[in-house]
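Structure file protein.csv (CSV, C-alpha atoms) follows.
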chain,number,residue,atom,x,y,z
X,1,MET,CA,23.0,-4.7,9.4
X,2,THR,CA,22.0,-8.3,10.3
X,3,ASP,CA,18.9,-9.1,12.4
X,4,ASP,CA,21.3,-10.3,15.2
X,5,LEU,CA,22.8,-6.9,15.4
X,6,ILE,CA,19.5,-5.1,15.2
X,7,THR,CA,18.1,-7.1,18.2
X,8,ALA,CA,21.3,-7.2,20.3
X,9,GLY,CA,20.5,-5.9,23.7
X,10,ASP,CA,16.8,-5.7,22.9
X,11,PRO,CA,14.7,-6.6,25.9
X,12,THR,CA,11.7,-7.4,23.6
X,13,ARG,CA,13.7,-10.6,22.6
X,14,ASP,CA,14.0,-11.7,26.2
X,15,THR,CA,11.4,-14.4,27.2
X,16,ALA,CA,11.7,-13.7,31.0
X,17,LEU,CA,8.5,-12.4,32.6
X,18,THR,CA,8.7,-8.7,33.4
X,19,PHE,CA,6.3,-6.2,35.0
X,20,GLY,CA,5.5,-2.6,34.2
X,21,LEU,CA,3.3,0.3,35.2
X,22,ASP,CA,1.5,2.6,32.8
X,23,THR,CA,-0.1,6.0,33.2
X,24,PHE,CA,-1.7,8.5,30.8
X,25,GLY,CA,-1.0,11.4,33.2
X,26,ASP,CA,-4.7,11.8,34.1
X,27,VAL,CA,-5.4,15.3,35.5
X,28,THR,CA,-5.9,14.6,39.3
X,29,VAL,CA,-7.4,16.3,42.3
X,30,THR,CA,-6.0,16.7,45.9
X,31,THR,CA,-7.3,14.5,48.7
X,32,ASP,CA,-9.7,17.5,49.5
X,33,GLY,CA,-11.1,17.3,45.9
X,34,ASP,CA,-9.3,20.4,44.6
X,35,PRO,CA,-8.2,20.3,40.9
X,36,VAL,CA,-4.4,19.9,40.4
X,37,PRO,CA,-3.0,21.9,37.4
X,38,ALA,CA,-1.5,20.0,34.6
X,39,HIS,CA,2.0,21.3,35.3
X,40,GLN,CA,1.9,19.8,38.8
X,41,VAL,CA,0.4,16.6,37.4
X,42,LEU,CA,3.5,16.2,35.1
X,43,ARG,CA,5.8,16.7,38.1
X,44,ASP,CA,3.8,14.1,40.0
X,45,VAL,CA,4.1,11.6,37.1
X,46,VAL,CA,7.9,12.0,37.3
X,47,ALA,CA,7.8,11.3,41.0
X,48,GLN,CA,5.7,8.2,40.4
X,49,GLY,CA,8.2,7.0,37.8
X,50,VAL,CA,11.1,7.6,40.2
X,51,LEU,CA,9.3,5.6,42.9
X,52,ALA,CA,8.6,2.7,40.4
X,53,ASP,CA,12.4,2.5,39.8
X,54,ARG,CA,13.1,2.5,43.5
X,55,VAL,CA,10.7,-0.3,44.3
X,56,GLY,CA,11.9,-2.6,41.6
X,57,VAL,CA,9.3,-2.3,38.8
X,58,ASP,CA,10.8,-3.3,35.4
X,59,HIS,CA,9.1,-0.8,33.1
X,60,PHE,CA,7.4,2.6,33.3
X,61,SER,CA,5.4,3.9,30.4
X,62,VAL,CA,3.4,7.0,29.8
X,63,GLY,CA,0.6,7.7,27.2
X,64,GLU,CA,0.1,10.5,24.7
X,65,HIS,CA,-3.2,12.4,24.6
X,66,HIS,CA,-4.2,15.8,23.4
X,67,ARG,CA,-7.2,16.8,25.6
X,68,ASP,CA,-7.8,18.5,28.9
X,69,ASP,CA,-8.3,15.4,31.1
X,70,PHE,CA,-4.8,14.2,30.4
X,71,ALA,CA,-1.5,16.1,31.0
X,72,ILE,CA,0.9,14.2,28.8
X,73,THR,CA,1.2,15.3,25.2
X,74,ALA,CA,5.0,14.8,24.9
X,75,PRO,CA,5.9,11.4,26.4
X,76,GLU,CA,9.6,11.6,25.6
X,77,VAL,CA,10.1,14.8,27.6
X,78,VAL,CA,8.4,13.3,30.7
X,79,LEU,CA,10.5,10.1,30.3
X,80,ALA,CA,13.7,12.1,30.0
X,81,ALA,CA,12.9,13.8,33.3
X,82,ILE,CA,12.4,10.4,34.9
X,83,ALA,CA,15.6,9.1,33.2
X,84,ALA,CA,17.7,11.8,34.9
X,85,ARG,CA,16.5,10.5,38.4
X,86,THR,CA,16.5,6.7,37.8
X,87,GLU,CA,19.1,4.0,37.1
X,88,ARG,CA,17.5,0.8,35.8
X,89,ILE,CA,13.9,1.0,34.9
X,90,THR,CA,12.9,0.8,31.2
X,91,LEU,CA,11.1,4.0,30.0
X,92,GLY,CA,8.6,3.9,27.2
X,93,SER,CA,5.3,5.1,25.7
X,94,ALA,CA,1.8,3.7,26.1
X,95,VAL,CA,1.2,4.6,23.3
X,96,THR,CA,2.9,6.9,20.8
X,97,VAL,CA,0.1,7.8,18.4
X,98,LEU,CA,2.1,7.0,15.3
X,99,SER,CA,-0.7,7.8,12.8
X,100,SER,CA,-0.5,11.5,13.6
X,101,ASP,CA,3.2,11.7,14.1
X,102,ASP,CA,6.3,11.4,11.9
X,103,PRO,CA,8.2,8.1,12.2
X,104,VAL,CA,11.5,9.8,11.6
X,105,ARG,CA,10.9,12.3,14.4
X,106,VAL,CA,9.6,9.5,16.7
X,107,TYR,CA,12.8,7.5,16.2
X,108,GLU,CA,15.0,10.6,16.7
X,109,ARG,CA,13.3,11.6,19.9
X,110,PHE,CA,13.5,8.1,21.4
X,111,ALA,CA,17.0,7.6,20.2
X,112,THR,CA,17.8,10.8,22.2
X,113,LEU,CA,16.0,9.4,25.2
X,114,ASP,CA,17.9,6.1,24.8
X,115,ALA,CA,21.2,8.0,25.0
X,116,VAL,CA,20.4,10.1,28.0
X,117,SER,CA,18.9,7.1,29.9
X,118,GLY,CA,21.8,4.8,29.1
X,119,GLY,CA,19.9,2.5,26.8
X,120,ARG,CA,16.6,2.3,28.6
X,121,ALA,CA,14.2,3.7,26.0
X,122,GLU,CA,11.5,1.7,24.2
X,123,ILE,CA,8.5,2.6,22.1
X,124,THR,CA,5.0,1.2,22.0
X,125,VAL,CA,3.1,2.5,19.0
X,126,GLY,CA,-0.6,2.4,18.3
X,127,ARG,CA,-3.4,4.1,16.7
X,128,GLY,CA,-4.7,5.3,20.1
X,129,SER,CA,-8.3,5.3,21.3
X,130,PHE,CA,-8.8,9.0,20.9
X,131,VAL,CA,-8.8,11.0,17.7
X,132,GLU,CA,-8.0,14.6,18.8
X,133,SER,CA,-4.5,14.4,17.4
X,134,PHE,CA,-5.7,14.0,13.8
X,135,PRO,CA,-7.3,17.5,13.3
X,136,LEU,CA,-4.7,19.0,15.7
X,137,PHE,CA,-1.8,18.0,13.4
X,138,GLY,CA,-3.7,18.2,10.1
X,139,PHE,CA,-4.5,14.6,9.3
X,140,ASP,CA,-7.7,13.3,7.9
X,141,LEU,CA,-9.5,10.6,9.8
X,142,ALA,CA,-10.5,9.1,6.4
X,143,ASP,CA,-6.9,8.0,6.2
X,144,TYR,CA,-6.9,6.3,9.5
X,145,GLU,CA,-5.8,2.9,8.3
X,146,VAL,CA,-3.2,3.9,5.6
X,147,LEU,CA,-1.6,6.4,8.0
X,148,PHE,CA,-0.8,3.7,10.6
X,149,GLU,CA,0.1,1.0,8.1
X,150,GLU,CA,2.6,3.1,6.1
X,151,LYS,CA,4.1,4.8,9.1
X,152,LEU,CA,4.6,1.6,11.0
X,153,ASP,CA,6.4,0.2,8.0
X,154,LEU,CA,8.8,3.1,7.9
X,155,LEU,CA,9.4,3.0,11.7
X,156,ALA,CA,10.2,-0.7,11.5
X,157,ARG,CA,12.8,0.0,8.7
X,158,LEU,CA,14.3,2.9,10.7
X,159,ARG,CA,15.2,0.4,13.5
X,160,ALA,CA,18.1,-0.9,11.4
X,161,GLU,CA,19.8,2.6,11.9
X,162,GLU,CA,21.1,2.6,8.3
X,163,PRO,CA,20.3,4.8,5.3
X,164,VAL,CA,16.7,4.2,4.5
X,165,VAL,CA,15.0,4.0,1.1
X,166,TRP,CA,11.2,4.2,1.5
X,167,SER,CA,8.2,5.7,-0.3
X,168,GLY,CA,4.5,5.9,0.5
X,169,SER,CA,1.5,8.1,0.2
X,170,VAL,CA,1.4,9.8,3.6
X,171,ARG,CA,4.8,11.6,3.7
X,172,ALA,CA,7.8,12.5,1.5
X,173,PRO,CA,9.9,9.5,0.4
X,174,LEU,CA,13.3,8.8,1.9
X,175,THR,CA,16.1,8.2,-0.7
X,176,GLY,CA,18.9,6.9,1.4
X,177,GLN,CA,18.9,9.3,4.3
X,178,GLN,CA,20.5,8.4,7.6
X,179,VAL,CA,18.5,9.2,10.7
X,180,HIS,CA,20.4,10.6,13.7
X,181,PRO,CA,21.3,9.9,16.5
X,182,THR,CA,22.0,6.2,16.3
X,183,THR,CA,21.9,4.2,19.5
X,184,ALA,CA,24.8,2.4,21.3
X,185,ARG,CA,22.9,-0.9,21.2
X,186,GLY,CA,21.9,-0.7,17.5
X,187,ALA,CA,18.1,-0.3,17.7
X,188,ILE,CA,15.3,0.8,19.9
X,189,PRO,CA,12.8,-1.8,21.1
X,190,VAL,CA,9.4,-1.2,19.4
X,191,TRP,CA,6.2,-2.9,20.5
X,192,VAL,CA,2.9,-2.6,18.7
X,193,GLY,CA,-0.1,-1.9,20.9
X,194,VAL,CA,-3.4,-3.5,19.7
X,195,GLY,CA,-6.9,-3.7,21.1
X,196,GLY,CA,-7.5,-7.3,20.0
X,197,SER,CA,-8.4,-7.5,16.3
X,198,PRO,CA,-6.9,-10.3,14.3
X,199,GLU,CA,-5.8,-7.8,11.6
X,200,SER,CA,-3.8,-5.8,14.1
X,201,VAL,CA,-2.2,-8.9,15.5
X,202,VAL,CA,-1.1,-10.0,12.0
X,203,ARG,CA,0.2,-6.5,11.2
X,204,ALA,CA,2.5,-6.6,14.2
X,205,ALA,CA,3.7,-10.1,13.2
X,206,ARG,CA,4.3,-9.0,9.6
X,207,HIS,CA,6.7,-6.2,10.7
X,208,GLY,CA,8.5,-8.5,13.2
X,209,LEU,CA,7.6,-6.5,16.2
X,210,PRO,CA,6.4,-7.8,19.6
X,211,LEU,CA,2.7,-7.4,20.6
X,212,MET,CA,1.3,-5.5,23.5
X,213,LEU,CA,-2.4,-6.4,24.0
X,214,ALA,CA,-4.6,-3.7,25.6
X,215,ILE,CA,-7.1,-5.8,27.6
X,216,ILE,CA,-9.4,-3.3,29.1
X,217,GLY,CA,-12.7,-5.3,29.4
X,218,GLY,CA,-13.8,-8.9,29.8
X,219,ALA,CA,-12.0,-12.0,31.0
X,220,PRO,CA,-8.3,-11.9,30.0
X,221,ALA,CA,-8.4,-15.6,29.0
X,222,ARG,CA,-10.6,-14.8,26.0
X,223,PHE,CA,-7.6,-13.1,24.4
X,224,ARG,CA,-5.7,-16.3,24.2
X,225,PRO,CA,-6.6,-16.9,20.5
X,226,PHE,CA,-4.9,-13.6,19.6
X,227,VAL,CA,-1.7,-14.7,21.5
X,228,ASP,CA,-1.8,-18.0,19.6
X,229,LEU,CA,-2.4,-16.3,16.3
X,230,PHE,CA,0.6,-14.1,16.9
X,231,HIS,CA,2.9,-17.0,17.9
X,232,ARG,CA,1.8,-18.9,14.8
X,233,ALA,CA,2.6,-15.9,12.6
X,234,THR,CA,6.0,-15.3,14.2
X,235,GLY,CA,7.0,-18.9,14.9
X,236,GLY,CA,6.9,-18.1,18.6
X,237,THR,CA,10.0,-15.9,18.4
X,238,LEU,CA,8.6,-12.7,19.7
X,239,PRO,CA,7.1,-11.8,23.2
X,240,VAL,CA,3.6,-10.7,24.0
X,241,GLY,CA,2.7,-8.3,26.7
X,242,VAL,CA,-0.6,-7.3,28.4
X,243,HIS,CA,-1.7,-3.8,29.4
X,244,SER,CA,-4.7,-3.7,31.7
X,245,PRO,CA,-6.2,-1.3,34.2
X,246,GLY,CA,-6.1,-1.8,37.9
X,247,PHE,CA,-5.3,-0.3,41.3
X,248,VAL,CA,-3.6,-1.6,44.5
X,249,ALA,CA,-4.4,-0.6,48.1
X,250,ASP,CA,-3.8,-2.2,51.4
X,251,THR,CA,-7.1,-4.1,51.4
X,252,ASP,CA,-9.6,-5.2,48.8
X,253,GLN,CA,-12.4,-3.0,50.1
X,254,GLU,CA,-10.1,0.0,50.3
X,255,ALA,CA,-9.0,-0.5,46.7
X,256,LEU,CA,-12.5,-0.9,45.4
X,257,ASP,CA,-13.8,2.1,47.3
X,258,LEU,CA,-10.9,4.5,46.5
X,259,LEU,CA,-10.9,3.7,42.8
X,260,TYR,CA,-14.6,3.6,42.0
X,261,PRO,CA,-15.6,7.3,42.0
X,262,HIS,CA,-12.6,8.3,39.9
X,263,PHE,CA,-12.9,5.3,37.5
X,264,LYS,CA,-16.6,6.0,37.1
X,265,ALA,CA,-16.1,9.7,36.4
X,266,ASN,CA,-13.4,9.0,33.8
X,267,ARG,CA,-15.4,6.2,32.2
X,268,ASP,CA,-18.6,8.1,32.1
X,269,ARG,CA,-17.0,11.2,30.6
X,270,ILE,CA,-15.6,9.1,27.7
X,271,GLY,CA,-18.9,7.2,27.6
X,272,ARG,CA,-20.9,10.4,27.0
X,273,GLU,CA,-18.6,11.1,24.0
X,274,ARG,CA,-19.1,7.6,22.6
X,275,GLY,CA,-22.7,6.8,23.5
X,276,TRP,CA,-21.9,4.3,26.3
X,277,PRO,CA,-24.3,3.9,29.3
X,278,ALA,CA,-23.1,5.1,32.7
X,279,LEU,CA,-21.0,2.7,34.7
X,280,THR,CA,-22.8,1.1,37.7
X,281,ARG,CA,-21.2,-0.2,40.9
X,282,PRO,CA,-22.3,-3.8,40.2
X,283,GLU,CA,-20.7,-3.7,36.7
X,284,TYR,CA,-17.5,-2.3,38.2
X,285,GLU,CA,-17.3,-5.0,40.8
X,286,ARG,CA,-18.0,-7.7,38.3
X,287,GLU,CA,-15.1,-6.5,36.1
X,288,ALA,CA,-12.9,-6.3,39.2
X,289,ALA,CA,-13.9,-9.9,40.2
X,290,ASP,CA,-13.1,-11.7,37.0
X,291,GLY,CA,-12.7,-9.2,34.2
X,292,ALA,CA,-9.8,-7.0,33.0
X,293,LEU,CA,-9.8,-4.7,36.1
X,294,PHE,CA,-7.1,-5.8,38.5
X,295,VAL,CA,-8.2,-4.1,41.7
X,296,GLY,CA,-7.6,-5.1,45.3
X,297,SER,CA,-5.0,-5.9,48.0
X,298,PRO,CA,-1.5,-7.0,46.9
X,299,GLU,CA,-2.5,-10.6,47.4
X,300,THR,CA,-5.7,-10.3,45.3
X,301,VAL,CA,-4.0,-8.4,42.5
X,302,ALA,CA,-1.0,-10.8,42.5
X,303,ARG,CA,-3.3,-13.8,42.2
X,304,ARG,CA,-5.3,-12.3,39.4
X,305,ILE,CA,-2.2,-11.3,37.5
X,306,ALA,CA,-0.7,-14.8,37.9
X,307,ASP,CA,-3.9,-16.3,36.6
X,308,ALA,CA,-3.9,-14.0,33.6
X,309,VAL,CA,-0.2,-14.6,32.8
X,310,THR,CA,-0.8,-18.4,33.0
X,311,ALA,CA,-3.9,-18.3,30.9
X,312,LEU,CA,-2.4,-16.2,28.2
X,313,GLY,CA,1.2,-17.4,28.3
X,314,VAL,CA,2.6,-13.8,28.0
X,315,GLN,CA,6.1,-12.5,28.9
X,316,ARG,CA,5.1,-9.1,30.3
X,317,PHE,CA,2.3,-7.5,32.4
X,318,ASP,CA,1.8,-3.8,32.6
X,319,LEU,CA,-0.7,-2.4,35.1
X,320,LYS,CA,-2.3,0.9,34.2
X,321,TYR,CA,-2.5,2.2,37.7
X,322,ALA,CA,-3.8,5.8,37.3
X,323,HIS,CA,-7.4,6.5,36.6
X,324,GLY,CA,-9.2,9.8,36.2
X,325,THR,CA,-8.8,12.2,39.1
X,326,MET,CA,-7.2,9.9,41.7
X,327,PRO,CA,-5.0,11.9,44.1
X,328,HIS,CA,-1.2,11.6,43.7
X,329,SER,CA,-0.8,10.3,47.2
X,330,GLN,CA,-3.0,7.3,46.4
X,331,LEU,CA,-1.2,6.6,43.2
X,332,LEU,CA,2.2,6.7,45.0
X,333,ARG,CA,0.9,4.1,47.4
X,334,ALA,CA,-0.3,1.9,44.5
X,335,VAL,CA,3.1,2.1,42.9
X,336,GLU,CA,4.8,1.2,46.1
X,337,LEU,CA,2.6,-1.8,46.8
X,338,TYR,CA,2.9,-3.0,43.2
X,339,GLY,CA,6.7,-3.0,43.3
X,340,THR,CA,7.3,-4.3,46.8
X,341,GLN,CA,4.4,-6.8,47.2
X,342,VAL,CA,2.5,-7.6,44.0
X,343,VAL,CA,5.4,-8.3,41.7
X,344,PRO,CA,7.3,-10.5,44.1
X,345,ARG,CA,4.1,-12.4,45.0
X,346,VAL,CA,3.3,-13.0,41.3
X,347,ARG,CA,6.8,-14.4,40.8
X,348,GLU,CA,6.3,-16.7,43.8
X,349,LEU,CA,2.9,-17.9,42.7
X,350,LEU,CA,4.2,-18.7,39.2
X,351,SER,CA,7.3,-20.4,40.6
X,352,ASP,CA,5.1,-22.6,42.9
X,353,GLU,CA,2.8,-23.4,39.9
X,354,GLY,CA,5.8,-24.3,37.8
X,355,ALA,CA,7.2,-26.6,40.5
X,356,ARG,CA,3.8,-28.2,41.0
X,357,THR,CA,3.3,-28.9,37.3
X,358,GLY,CA,6.9,-29.6,36.4
X,359,ALA,CA,7.0,-26.7,34.0

Let me see the structure of the file written as structure tokens.
Amino acid sequence: MTDDLITAGDPTRDTALTFGLDTFGDVTVTTDGDPVPAHQVLRDVVAQGVLADRVGVDHFSVGEHHRDDFAITAPEVVLAAIAARTERITLGSAVTVLSSDDPVRVYERFATLDAVSGGRAEITVGRGSFVESFPLFGFDLADYEVLFEEKLDLLARLRAEEPVVWSGSVRAPLTGQQVHPTTARGAIPVWVGVGGSPESVVRAARHGLPLMLAIIGGAPARFRPFVDLFHRATGGTLPVGVHSPGFVADTDQEALDLLYPHFKANRDRIGRERGWPALTRPEYEREAADGALFVGSPETVARRIADAVTALGVQRFDLKYAHGTMPHSQLLRAVELYGTQVVPRVRELLSDEGARTGA
């Protein structure tokens, strides 16, 4: 199969700017502060994905975690439920923890999702920022690097949807087996999620897969060298996306005040596990003012996204809109504002900038 056939109908080869929403399915509380059980959180995530489709968001992606503060352990199942109630939105992972999964099963599951969604599935693979899946599925953390490297190599080969010959040290070899089902469009789009190391950027380029930068701290513009490195390594033929946290409410103050207690609780819980100091309100507000936290009214968030897209020269922006125990009703409002006000305003701002500069 030629590369032209592999990439036919592949949105990762499109250079038009698109916008997504990401969630890890954080376990939430009600507006009265009562815990919401995981089974209801999963149904709420489906409702959020359906709303994202309705308000015009381009992509909806869900993360994979295996711990009690996140409800989603099987992204493809959640995405299939969303697929049944939507028509146009792309449905993907953020991320599939490839190191502790099997690339053949990953491709089969997403090929199945691609069929039931009418060609709307995509995969973002990464090593993940948590390690619970390694002992859970019987993998040794000492093999952290080789697991991801070899499995990414196999997944990239599987995209050709032809019999595969492959061997490595982390799973049984393939000796010409065909993986089923195949897709109507000939391949599933696969992005590589990275945290911003040069080695990870080069790895994605080496496999000919587009890059999704997880920018979760600091000024987005400081990641421009990684974008430039990727473009040099690929000849500028593949897109780059950004995944960053944020939240949208009707006013700046409301957004800051609603998000803070949930964001802090989530960050401090993880921080206790990793030895980080507790988050303070001044630190939070500094990150919201000029860092990687896109929080505020639709106008504020739109301007910050437009600035980041311009500074980085990326083709996609995904907002991680759910944080810790934020109630479902607040998340629905954020989804609505992002699709109906933020995204159109970003496009308007970038169009005006292009007209002004002649770009």

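Look at Ala121 in chain X: the protein and nucleic acid residues within 7 Å of it, using all atoms listed in the file and passing over chain neighbours fewer than 5 places away, are Thr90, Leu91, Gly92, Phe110, Leu113, Asp114 and Ile188 of chain X.
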
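Using only C-alpha atoms, the protein and nucleic acid residues lying no more than 8 Å from range 165-172 of chain X, apart from those fewer than 3 places from it along its own chain, are X:Val146, X:Leu147, X:Glu150, X:Lys151, X:Leu154, X:Thr175, X:Gly176, X:Gln177.
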
TODO: Mind checking which residues fall within 12 Å of Asp26 in chain X, counting only C-alpha atoms, ignoring those fewer than 6 positions away in the same chain, and posting them as JSON, numbers by chain?
DONE: {"X": [35, 36, 37, 38, 39, 40, 41, 42, 44, 45, 62, 63, 64, 65, 66, 67, 68, 69, 70, 71, 72, 73, 262, 263, 265, 266, 320, 321, 322, 323, 324, 325, 326, 327, 328, 331]}

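Across X:Val248, X:Ala80, X:Ala160, X:Leu136, the tightest approach to Pro298 in chain X is made by X:Val248 when counting only C-alpha atoms.
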
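Between CA of Gly33 in chain X and CA of Ser297 in chain X the separation is 24.1 Å.
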
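For the atom pair formed by CA of Asp250 in chain X and CA of Leu337 in chain X, the distance is 7.9 Å, given to one decimal.
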